[in-house]
>>> print(open('upload-v3.cif').read())   # mmCIF, C-alpha atoms
data_data
loop_
_atom_site.label_atom_id
_atom_site.label_comp_id
_atom_site.auth_asym_id
_atom_site.auth_seq_id
_atom_site.Cartn_x
_atom_site.Cartn_y
_atom_site.Cartn_z
CA MET A 29 40.56 20.59 -2.59
CA THR A 30 40.31 22.50 -5.87
CA ARG A 31 43.94 21.72 -6.69
CA ARG A 32 43.51 18.03 -5.91
CA PHE A 33 40.35 17.88 -8.00
CA GLY A 34 42.18 19.49 -10.92
CA LEU A 35 45.05 17.02 -10.62
CA ALA A 36 42.65 14.09 -10.42
CA VAL A 37 40.84 15.23 -13.56
CA LEU A 38 44.15 15.84 -15.32
CA ILE A 39 45.60 12.43 -14.47
CA ALA A 40 42.38 10.69 -15.52
CA TRP A 41 42.42 12.47 -18.87
CA MET A 42 46.11 11.70 -19.36
CA VAL A 43 45.47 7.98 -18.80
CA LEU A 44 42.48 7.92 -21.15
CA ALA A 45 44.30 9.96 -23.78
CA ALA A 46 47.35 7.69 -23.58
CA THR A 47 45.21 4.58 -24.20
CA ILE A 48 43.42 6.28 -27.11
CA LEU A 49 46.68 7.36 -28.74
CA ALA A 50 48.20 3.93 -28.20
CA ARG A 51 45.28 2.38 -30.05
CA TYR A 52 45.48 4.98 -32.83
CA ALA A 53 49.12 4.09 -33.40
CA ASP A 54 48.14 0.44 -33.91
CA VAL A 55 45.46 0.97 -36.56
CA ALA A 56 45.12 2.75 -39.90
CA VAL A 57 42.41 5.39 -39.53
CA PRO A 58 42.21 9.13 -40.32
CA ALA A 59 43.59 11.49 -37.67
CA GLY A 60 40.14 13.07 -37.39
CA TYR A 61 38.92 9.90 -35.71
CA LEU A 62 40.81 10.99 -32.58
CA VAL A 63 38.65 14.05 -31.91
CA ARG A 64 35.47 12.51 -30.50
CA PRO A 65 37.22 9.95 -28.27
CA LEU A 66 39.47 12.63 -26.76
CA VAL A 67 36.48 14.92 -26.13
CA VAL A 68 34.54 12.08 -24.49
CA ALA A 69 37.65 11.30 -22.43
CA ALA A 70 37.63 14.86 -21.12
CA GLY A 71 34.04 14.51 -19.93
CA LEU A 72 34.72 11.14 -18.31
CA SER A 73 37.78 12.57 -16.58
CA VAL A 74 35.66 15.15 -14.76
CA VAL A 75 33.36 12.40 -13.47
CA ILE A 76 36.29 10.19 -12.46
CA GLY A 77 38.06 13.10 -10.77
CA ALA A 78 34.95 14.03 -8.79
CA GLY A 79 34.51 10.46 -7.60
CA ALA A 80 38.19 10.10 -6.72
CA LEU A 81 37.97 13.09 -4.37
CA MET A 82 36.19 10.83 -1.88
CA THR A 83 39.54 9.11 -1.24
CA ARG A 84 41.05 12.47 -0.18
CA SER A 85 44.86 12.30 -0.35
CA TRP A 86 44.68 9.30 -2.71
CA ALA A 87 42.53 11.10 -5.26
CA VAL A 88 45.23 11.29 -7.95
CA PRO A 89 46.40 7.63 -7.93
CA VAL A 90 42.80 6.43 -7.56
CA ALA A 91 41.74 8.58 -10.52
CA ALA A 92 44.59 7.12 -12.57
CA GLY A 93 43.63 3.56 -11.64
CA VAL A 94 39.94 4.06 -12.30
CA ALA A 95 40.62 5.74 -15.66
CA PHE A 96 42.78 2.82 -16.72
CA LEU A 97 40.04 0.37 -15.72
CA VAL A 98 37.46 2.40 -17.63
CA ALA A 99 39.59 2.31 -20.78
CA PHE A 100 40.88 -1.23 -20.58
CA PHE A 101 38.87 -3.39 -18.23
CA ASN A 102 39.59 -6.95 -17.16
CA LEU A 103 39.84 -8.75 -13.84
CA VAL A 104 43.63 -9.01 -13.92
CA ILE A 105 43.99 -5.26 -14.29
CA LEU A 106 41.35 -4.67 -11.60
CA VAL A 107 43.25 -6.87 -9.13
CA ALA A 108 46.55 -5.24 -10.09
CA VAL A 109 45.23 -1.68 -9.59
CA VAL A 110 43.71 -2.54 -6.20
CA ALA A 111 46.89 -4.34 -5.11
CA ILE A 112 49.09 -1.37 -6.08
CA LEU A 113 46.89 1.05 -4.16
CA ILE A 114 46.92 -1.23 -1.08
CA VAL A 115 50.73 -1.54 -1.20
CA LEU A 116 51.11 2.23 -1.54
CA GLU A 117 48.84 2.79 1.45
CA LEU A 118 50.78 0.28 3.57
CA PHE A 119 54.05 1.98 2.65
CA ARG A 120 52.58 5.36 3.54
CA ARG A 121 51.40 4.16 6.96
CA ARG A 122 54.81 2.71 7.76
CA GLY A 123 56.44 5.99 6.83
CA ARG A 124 58.22 4.72 3.74
CA ILE A 125 56.37 7.25 1.61
CA GLN A 126 56.55 10.85 2.71
CA GLY A 127 53.67 13.09 1.64
CA ASN A 128 51.49 11.96 -1.27
CA VAL A 129 52.30 10.06 -4.43
CA ASP A 130 50.81 12.60 -6.83
CA ARG A 131 54.06 13.58 -8.49
CA PRO A 132 55.38 10.05 -9.13
CA VAL A 133 52.01 9.00 -10.55
CA LEU A 134 51.87 12.09 -12.78
CA ALA A 135 55.43 11.42 -13.94
CA VAL A 136 54.76 7.79 -14.86
CA VAL A 137 51.50 8.56 -16.67
CA GLY A 138 53.13 11.54 -18.36
CA ILE A 139 55.79 9.25 -19.83
CA PHE A 140 53.17 6.91 -21.28
CA LEU A 141 51.22 9.85 -22.69
CA ALA A 142 54.37 11.34 -24.24
CA ILE A 143 55.15 8.00 -25.91
CA GLY A 144 51.63 7.90 -27.32
CA ILE A 145 51.88 11.45 -28.62
CA VAL A 146 55.23 10.81 -30.30
CA ARG A 147 54.01 7.58 -31.95
CA SER A 148 50.85 9.32 -33.15
CA LEU A 149 52.75 12.30 -34.56
CA LEU A 150 54.98 9.95 -36.54
CA LEU A 151 51.84 8.47 -38.12
CA PHE A 152 49.84 11.70 -38.38
CA GLU A 153 48.04 12.28 -41.67
CA PRO A 154 47.42 15.88 -42.77
CA PRO A 155 43.70 16.74 -42.82
CA ALA A 156 42.01 15.97 -46.12
CA MET A 157 41.10 18.89 -48.34
CA ASP A 158 37.70 20.30 -47.42
CA GLY A 159 36.96 21.97 -50.74
CA TYR A 160 35.54 20.47 -53.88
CA GLN A 161 34.37 21.53 -57.31
CA SER A 162 30.64 21.99 -56.90
CA VAL A 163 30.29 23.50 -60.37
CA ILE A 164 32.19 20.87 -62.36
CA GLY A 165 30.51 20.17 -65.68
CA GLY A 166 28.57 17.13 -66.79
CA PRO A 167 25.51 15.44 -65.29
CA ARG A 168 24.96 14.79 -61.62
CA MET A 169 26.99 11.69 -60.79
CA VAL A 170 26.29 9.49 -57.74
CA VAL A 171 28.41 6.38 -57.19
CA ILE A 172 27.37 4.18 -54.28
CA LEU A 173 29.63 1.39 -53.08
CA LEU A 174 27.51 -1.23 -51.32
CA ASP A 175 30.15 -3.06 -49.33
CA GLY A 176 29.86 -6.83 -49.68
CA TYR A 177 26.55 -6.79 -51.61
CA PRO A 178 26.22 -10.34 -53.03
CA ARG A 179 25.44 -10.94 -56.68
CA ILE A 180 21.95 -12.05 -57.61
CA ASP A 181 22.95 -15.71 -58.10
CA THR A 182 24.61 -15.80 -54.68
CA LEU A 183 21.46 -14.43 -53.07
CA ALA A 184 19.41 -17.07 -54.90
CA ARG A 185 21.60 -19.74 -53.32
CA LEU A 186 20.78 -18.21 -49.95
CA GLY A 187 17.07 -18.49 -50.73
CA PHE A 188 16.49 -14.82 -51.52
CA ASP A 189 14.96 -13.52 -54.75
CA ASN A 190 16.45 -10.12 -55.58
CA GLU A 191 14.61 -9.81 -58.91
CA PRO A 192 11.94 -7.42 -57.54
CA PHE A 193 14.65 -4.93 -56.54
CA VAL A 194 16.41 -5.32 -59.90
CA ASN A 195 13.09 -4.71 -61.65
CA GLU A 196 12.61 -1.50 -59.64
CA LEU A 197 16.05 -0.33 -60.71
CA GLU A 198 15.42 -1.17 -64.35
CA SER A 199 12.15 0.79 -64.26
CA ARG A 200 14.27 3.79 -63.25
CA GLY A 201 16.62 3.38 -66.21
CA PHE A 202 19.29 1.14 -64.69
CA ASP A 203 21.12 -1.65 -66.45
CA HIS A 204 21.69 -4.64 -64.18
CA LEU A 205 24.83 -6.70 -64.87
CA PRO A 206 24.17 -10.24 -63.54
CA SER A 207 27.69 -11.39 -64.46
CA ALA A 208 29.45 -8.55 -62.61
CA ARG A 209 32.65 -9.40 -60.81
CA SER A 210 35.50 -7.90 -58.84
CA GLU A 211 39.11 -8.80 -59.49
CA HIS A 212 39.86 -8.49 -55.79
CA THR A 213 38.32 -9.91 -52.64
CA ARG A 214 39.35 -7.20 -50.16
CA THR A 215 37.83 -3.73 -50.03
CA GLN A 216 41.13 -1.87 -49.83
CA LYS A 217 42.54 -3.70 -52.83
CA THR A 218 39.40 -3.14 -54.92
CA LEU A 219 39.43 0.56 -54.04
CA LEU A 220 43.12 0.92 -54.77
CA ALA A 221 42.65 -0.66 -58.21
CA LEU A 222 39.53 1.45 -58.76
CA LEU A 223 41.35 4.71 -58.05
CA THR A 224 44.75 4.04 -59.62
CA ASN A 225 46.11 2.56 -62.82
CA GLN A 226 48.61 0.31 -61.11
CA PRO A 227 48.41 -3.50 -60.80
CA VAL A 228 47.17 -4.49 -57.35
CA SER A 229 47.69 -7.85 -55.66
CA ASP A 230 44.95 -9.44 -53.58
CA ASP A 231 47.14 -10.30 -50.62
CA GLU A 232 46.03 -9.69 -47.05
CA VAL A 233 46.61 -6.10 -45.96
CA LYS A 234 48.73 -5.37 -42.88
CA VAL A 235 48.24 -2.21 -40.79
CA GLU A 236 51.42 -0.55 -42.08
CA ALA A 237 50.37 -1.23 -45.68
CA SER A 238 46.88 0.13 -44.95
CA ARG A 239 48.34 3.54 -44.13
CA ASP A 240 50.30 3.58 -47.39
CA ILE A 241 47.26 2.43 -49.37
CA ARG A 242 45.08 5.21 -47.95
CA GLY A 243 47.65 7.74 -49.10
CA GLU A 244 47.41 6.40 -52.67
CA MET A 245 43.59 6.31 -52.76
CA ILE A 246 43.02 9.86 -54.00
CA VAL A 247 39.41 10.99 -54.31
CA PRO A 248 38.56 11.05 -58.07
CA PRO A 249 38.43 14.43 -59.89
CA GLY A 250 35.38 16.49 -59.00
CA PHE A 251 34.13 13.93 -56.46
CA VAL A 252 33.55 14.26 -52.74
CA GLU A 253 33.57 11.08 -50.67
CA VAL A 254 30.94 10.52 -48.02
CA ASP A 255 33.07 8.51 -45.61
CA PRO A 256 32.16 5.06 -44.31
CA PRO A 257 32.42 4.32 -40.58
CA MET A 258 35.41 2.04 -41.26
CA GLY A 259 38.44 4.32 -41.22
CA PHE A 260 40.89 1.98 -42.92
CA VAL A 261 38.81 1.93 -46.12
CA THR A 262 38.20 5.66 -46.43
CA MET A 263 39.98 7.37 -49.29
CA GLY A 264 42.98 9.55 -48.60
CA PRO A 265 43.76 12.96 -50.14
CA GLY A 266 40.71 14.82 -51.41
CA PRO A 267 37.40 16.28 -50.18
CA HIS A 268 35.38 14.30 -47.66
CA VAL A 269 32.16 14.40 -45.67
CA GLU A 270 32.95 12.70 -42.37
CA THR A 271 30.74 10.01 -40.91
CA ILE A 272 28.45 11.01 -38.04
CA GLY A 273 27.92 7.53 -36.63
CA PRO A 274 30.28 5.39 -34.56
CA THR A 275 33.55 4.55 -36.30
CA ASP A 276 35.44 1.28 -36.21
CA PHE A 277 38.08 3.06 -34.09
CA GLU A 278 35.46 4.07 -31.52
CA GLU A 279 33.99 0.56 -31.62
CA GLN A 280 37.41 -0.89 -30.78
CA LEU A 281 37.85 1.52 -27.87
CA ILE A 282 34.37 0.69 -26.52
CA GLY A 283 34.99 -3.04 -26.89
CA LYS A 284 38.04 -2.87 -24.61
CA SER A 285 36.41 -0.52 -22.11
CA VAL A 286 34.40 -1.29 -18.99
CA VAL A 287 31.21 -0.68 -21.02
CA GLY A 288 32.18 -3.24 -23.66
CA VAL A 289 33.03 -5.85 -21.04
CA LEU A 290 30.30 -5.38 -18.45
CA ALA A 291 27.48 -4.08 -20.68
CA ALA A 292 28.31 -5.72 -24.01
CA ASP A 293 24.72 -6.33 -25.13
CA TRP A 294 23.72 -2.72 -24.47
CA ALA A 295 26.88 -1.36 -26.13
CA TRP A 296 26.39 -3.57 -29.19
CA ALA A 297 22.75 -2.49 -29.60
CA ALA A 298 23.83 1.16 -29.33
CA LEU A 299 26.55 0.65 -31.94
CA LEU A 300 24.10 -0.94 -34.38
CA ALA A 301 21.60 1.88 -33.84
CA GLY A 302 24.36 4.38 -34.63
CA LEU A 303 25.35 2.48 -37.77
CA ARG A 304 21.73 2.40 -38.95
CA SER A 305 21.53 6.16 -38.50
CA ASN A 306 24.75 6.58 -40.43
CA VAL A 307 23.32 4.74 -43.46
CA ALA A 308 20.45 7.24 -43.52
CA PHE A 309 22.91 10.13 -43.16
CA GLU A 310 25.13 8.95 -46.03
CA LEU A 311 22.21 8.46 -48.39
CA ASN A 312 20.83 11.86 -47.47
CA GLU A 313 24.21 13.43 -48.26
CA ALA A 314 24.11 11.75 -51.67
CA THR A 315 20.91 13.62 -52.47
CA THR A 316 21.51 17.00 -50.80
CA ILE A 317 25.23 17.85 -51.08
CA ASP A 318 25.97 20.56 -53.65
CA ALA A 319 28.93 18.70 -55.17
CA ASN A 320 28.11 17.49 -58.65
CA ARG A 321 29.91 14.19 -58.15
CA VAL A 322 29.46 12.11 -55.01
CA PHE A 323 31.04 8.81 -53.96
CA VAL A 324 29.17 7.16 -51.10
CA HIS A 325 30.67 4.14 -49.37
CA LEU A 326 27.95 2.30 -47.44
CA MET A 327 29.27 -0.44 -45.15
CA VAL A 328 26.19 -2.53 -45.87
CA PRO A 329 25.09 -5.21 -46.47
CA HIS A 330 28.49 -6.23 -45.07
CA PRO A 331 28.00 -7.53 -41.50
CA PRO A 332 27.26 -6.67 -38.77
CA PHE A 333 23.59 -7.17 -39.53
CA LEU A 334 21.74 -3.99 -38.62
CA PRO A 335 17.97 -4.37 -39.14
CA GLU A 336 15.60 -4.94 -36.26
CA GLN A 337 12.75 -7.44 -36.43
CA ASN A 338 9.86 -6.95 -34.01
CA GLY A 339 12.04 -4.89 -31.71
CA THR A 340 14.92 -7.39 -31.57
CA LEU A 341 18.14 -7.62 -33.53
CA ALA A 342 18.04 -9.83 -36.60
CA ILE A 343 21.16 -11.62 -35.34
CA PRO A 344 21.97 -11.26 -31.62
CA ARG A 345 25.43 -10.20 -30.51
CA SER A 346 27.68 -13.20 -30.97
CA CYS A 347 31.43 -12.67 -31.02
CA TRP A 348 31.65 -8.97 -30.17
CA PRO A 349 33.73 -7.50 -28.58
CA THR A 350 36.18 -10.34 -29.24
CA CYS A 351 35.66 -9.72 -32.96
CA GLY A 352 35.15 -6.29 -34.47
CA LEU A 353 32.93 -4.66 -37.08
CA GLY A 354 35.08 -6.15 -39.82
CA ALA A 355 34.09 -9.76 -39.06
CA HIS A 356 32.13 -11.12 -42.01
CA THR A 357 32.36 -14.91 -42.33
CA SER A 358 30.01 -17.13 -40.34
CA GLN A 359 33.07 -18.61 -38.65
CA GLU A 360 34.47 -15.24 -37.60
CA MET A 361 31.03 -14.17 -36.37
CA GLU A 362 30.58 -17.49 -34.52
CA ILE A 363 27.18 -18.15 -36.07
CA SER A 364 25.78 -20.91 -38.26
CA HIS A 365 25.39 -20.80 -42.03
CA ALA A 366 21.61 -20.55 -41.59
CA GLU A 367 21.98 -17.58 -39.24
CA TRP A 368 24.42 -15.87 -41.60
CA ALA A 369 22.12 -16.44 -44.59
CA ALA A 370 19.11 -15.09 -42.67
CA GLY A 371 21.08 -12.06 -41.51
CA MET A 372 22.50 -11.27 -44.94
CA THR A 373 19.21 -11.64 -46.83
CA THR A 374 17.38 -9.54 -44.22
CA GLN A 375 20.10 -6.93 -44.51
CA VAL A 376 19.97 -6.88 -48.33
CA GLU A 377 16.20 -6.42 -48.23
CA TRP A 378 16.63 -3.59 -45.71
CA VAL A 379 19.35 -1.92 -47.82
CA ASN A 380 17.15 -2.14 -50.90
CA ARG A 381 14.39 -0.29 -49.05
CA GLN A 382 16.81 2.50 -48.13
CA LEU A 383 18.23 2.82 -51.65
CA LEU A 384 15.09 3.24 -53.74
CA PRO A 385 13.79 6.41 -52.02
CA ALA A 386 17.30 7.92 -52.15
CA ILE A 387 17.52 7.19 -55.88
CA ASP A 388 14.09 8.74 -56.40
CA ARG A 389 15.19 11.92 -54.58
CA VAL A 390 18.23 12.24 -56.83
CA LEU A 391 16.15 11.72 -59.97
CA ALA A 392 13.52 14.20 -58.82
CA GLN A 393 16.21 16.90 -58.80
CA HIS A 394 18.36 15.62 -61.69
CA SER A 395 16.46 13.61 -64.28
CA ASP A 396 19.68 13.05 -66.25
CA ALA A 397 21.65 11.81 -63.23
CA VAL A 398 24.27 9.10 -63.64
CA ILE A 399 23.92 6.63 -60.78
CA VAL A 400 26.07 3.54 -60.22
CA LEU A 401 25.48 0.93 -57.53
CA PHE A 402 28.24 -1.62 -57.12
CA SER A 403 29.93 -3.86 -54.59
CA ASP A 404 33.62 -4.38 -53.99
CA HIS A 405 33.49 -8.16 -53.60
CA GLY A 406 31.03 -10.97 -52.96
CA GLY A 407 29.23 -11.72 -49.72
CA ARG A 408 32.28 -13.58 -48.36
CA GLU A 409 30.59 -15.94 -45.96
CA ASP A 410 33.39 -18.42 -46.52
CA TRP A 411 36.94 -17.61 -47.67
CA GLY A 412 37.05 -21.13 -49.11
CA ASP A 413 34.40 -20.33 -51.73
CA GLU A 414 36.80 -18.64 -54.15
CA ALA A 415 34.27 -18.11 -56.93
CA GLU A 416 31.74 -16.38 -54.67
CA LEU A 417 34.35 -13.98 -53.32
CA HIS A 418 34.51 -12.35 -56.76
CA ARG A 419 30.74 -12.26 -57.53
CA SER A 420 29.98 -8.58 -57.06
CA PHE A 421 26.86 -6.53 -57.69
CA LEU A 422 26.61 -3.88 -60.41
CA ALA A 423 23.69 -1.79 -61.65
CA ALA A 424 24.22 1.47 -63.53
CA ARG A 425 22.02 4.26 -64.83
CA THR A 426 24.01 5.89 -67.62
CA PRO A 427 21.80 8.22 -69.72
CA ASP A 428 22.82 8.49 -73.39
CA HIS A 429 25.18 5.55 -72.87
CA PRO A 430 23.05 2.45 -72.27
CA GLY A 431 24.92 -0.74 -71.49
CA LEU A 432 28.05 1.21 -70.59
CA TYR A 433 29.51 -1.69 -68.59
CA ALA A 434 28.03 -4.56 -70.60
CA ASP A 435 31.35 -5.57 -72.17
CA ASN A 436 33.38 -5.33 -68.96
CA PRO A 437 31.25 -5.43 -65.78
CA VAL A 438 34.23 -5.22 -63.42
CA ALA A 439 34.13 -3.24 -60.17
CA GLU A 440 37.66 -1.90 -60.57
CA GLU A 441 36.84 -0.23 -63.92
CA ILE A 442 33.78 1.76 -62.83
CA ILE A 443 35.37 5.15 -62.14
CA ARG A 444 37.73 5.11 -65.13
CA VAL A 445 34.89 4.29 -67.52
CA LEU A 446 32.67 6.99 -66.01
CA LEU A 447 35.30 9.72 -66.23
CA ALA A 448 36.20 8.75 -69.79
CA THR A 449 32.57 8.71 -70.89
CA TYR A 450 31.23 11.79 -69.09
CA ARG A 451 33.93 14.38 -69.55
CA SER A 452 33.59 17.78 -67.87
CA ASN A 453 32.25 20.60 -70.00
#
>>> encode(input="upload-v3.cif", output="structure tokens")
Amino acid sequence: MTRRFGLAVLIAWMVLAATILARYADVAVPAGYLVRPLVVAAGLSVVIGAGALMTRSWAVPVAAGVAFLVAFFNLVILVAVVAILIVLELFRRRGRIQGNVDRPVLAVVGIFLAIGIVRSLLLFEPPAMDGYQSVIGGPRMVVILLDGYPRIDTLARLGFDNEPFVNELESRGFDHLPSARSEHTRTQKTLLALLTNQPVSDDEVKVEASRDIRGEMIVPPGFVEVDPPMGFVTMGPGPHVETIGPTDFEEQLIGKSVVGVLAADWAWAALLAGLRSNVAFELNEATTIDANRVFVHLMVPHPPFLPEQNGTLAIPRSCWPTCGLGAHTSQEMEISHAEWAAGMTTQVEWVNRQLLPAIDRVLAQHSDAVIVLFSDHGGREDWGDEAELHRSFLAARTPDHPGLYADNPVAEEIIRVLLATYRSN
């Protein structure tokens, strides 16, 4: 019994691990994103193995089938797994199968797991450096990328007045640049241009190119990046603080799993709650980390829309899990323009309320702090609105250098201008 239980747990974990590695090989995320899913898979395997023991001699193949259904659930696979188990049982009763089928099942699953391991190793990224220069000279520097934060004129078109927030920033020494723009419309391309001196096209990014781009996006000198939950837009080599909330990789795994299919509303609400917590975590890191330069990439106000109103979600689950966290246009999200506008403006207002206390905490500790808030592109409700795609947000507090970005309020120039202006002592 103990041996069969061990084999059932092992086969369940092998199946879950193989599906996780297969997904990893198809996306562009840091290798560290594998850790939590594989640990969760180990816990699930124990539960699956214990349940499979009730089928006695069929514990191993049942554990394999159940694990596959947990990881990748749909009715076709459910029927196929049941049919295979029935056929195997009929063969066993007619004497065509001698003994149990543990070894053949282990062999087949082992092959799939080995393929996943090999593919993952070929794509493996060395861990990012975990050290940074906490004593680098110059003032405290906090750069916050607000992903997809629309410019003030775009928000006005959506019926939202962002002047009160801008006034709060200006009272804290910020310059607001109402004509700010980004040369690119995709986060990866804006970041690549921001962090390198090379010309960058604005073409759509394929998965293979995403891996190469991440390798080129080196964390700027003296900075530590507080990672966003979207792995494909994290920087590459350099010091990082990893996200604590759910990642886009985990979201994709959940979306394909039995939980994402049979309990989608619950899973979506849990994901949003985790993303809300992660915003608080990232902003707290910006104020407490001992690095003198911090780059925080908040995946807000980019959809999905996170705030709750009277205990309900501002925008109910629409397209998920068919679409992922990266969906941003009203068409991709399968909602109306009015719903998108309401969700975005609610989200902007919520983000503003999170930002001001964080800024105040930084200034309470470092009155001469340099703080830059910017977005990487416009709100992007509609890819057809070319002008809006480039209308980005920019507000900067640059002591001793007022109006630092007045002549060139372009997202891609922010880091270069900062490093040239505030040189290390």
>>> closest_residue(input="upload-v3.cif", among="A:Asn320, A:Gln382, A:Ser238, A:Asn436", to="Ser305 (chain A)", atoms="all atoms listed in the file")
A:Gln382
>>> resolve_selection(input="upload-v3.cif", expression="the PyMOL selection byres ((chain A and resi 232) around 12)", output="ChimeraX atom specification")
/A:212-217,228-231,233-238
>>> resolve_selection(input="upload-v3.cif", expression="the PyMOL selection byres ((chain A and resi 87) around 12)", output="PyMOL selection string")
chain A and resi 29-40+76-86+88-95+113+128-130+133
>>> closest_residue(input="upload-v3.cif", among="A:Gly71, A:Gly144, A:Gly352, A:Pro437", to="Pro332 (chain A)", atoms="only C-alpha atoms")
A:Gly352
>>> resolve_selection(input="upload-v3.cif", expression="the PyMOL selection byres ((chain A and resi 368) around 10)", output="NGL selection string")
:A and (186 or 331 or 333 or 343 or 356-359 or 361-367 or 369-374 or 409)
>>> closest_residue(input="upload-v3.cif", among="A:Ala46, A:Tyr177, A:Met245, A:Phe323", to="Val146 (chain A)", atoms="all atoms listed in the file")
A:Ala46
>>> residues_around(input="upload-v3.cif", residues="Glu441 (chain A)", least_positions_apart="2", cutoff="10 Å", atoms="only C-alpha atoms", output="VMD selection string")
chain A and resid 210 to 211 218 221 to 225 433 436 to 439 443 to 446
>>> atom_distance(input="upload-v3.cif", atom1="CA of Thr449 (chain A)", atom2="CA of Leu197 (chain A)")
21.4 Å
>>> atom_distance(input="upload-v3.cif", atom1="CA of Thr316 (chain A)", atom2="CA of Gln393 (chain A)")
9.6 Å
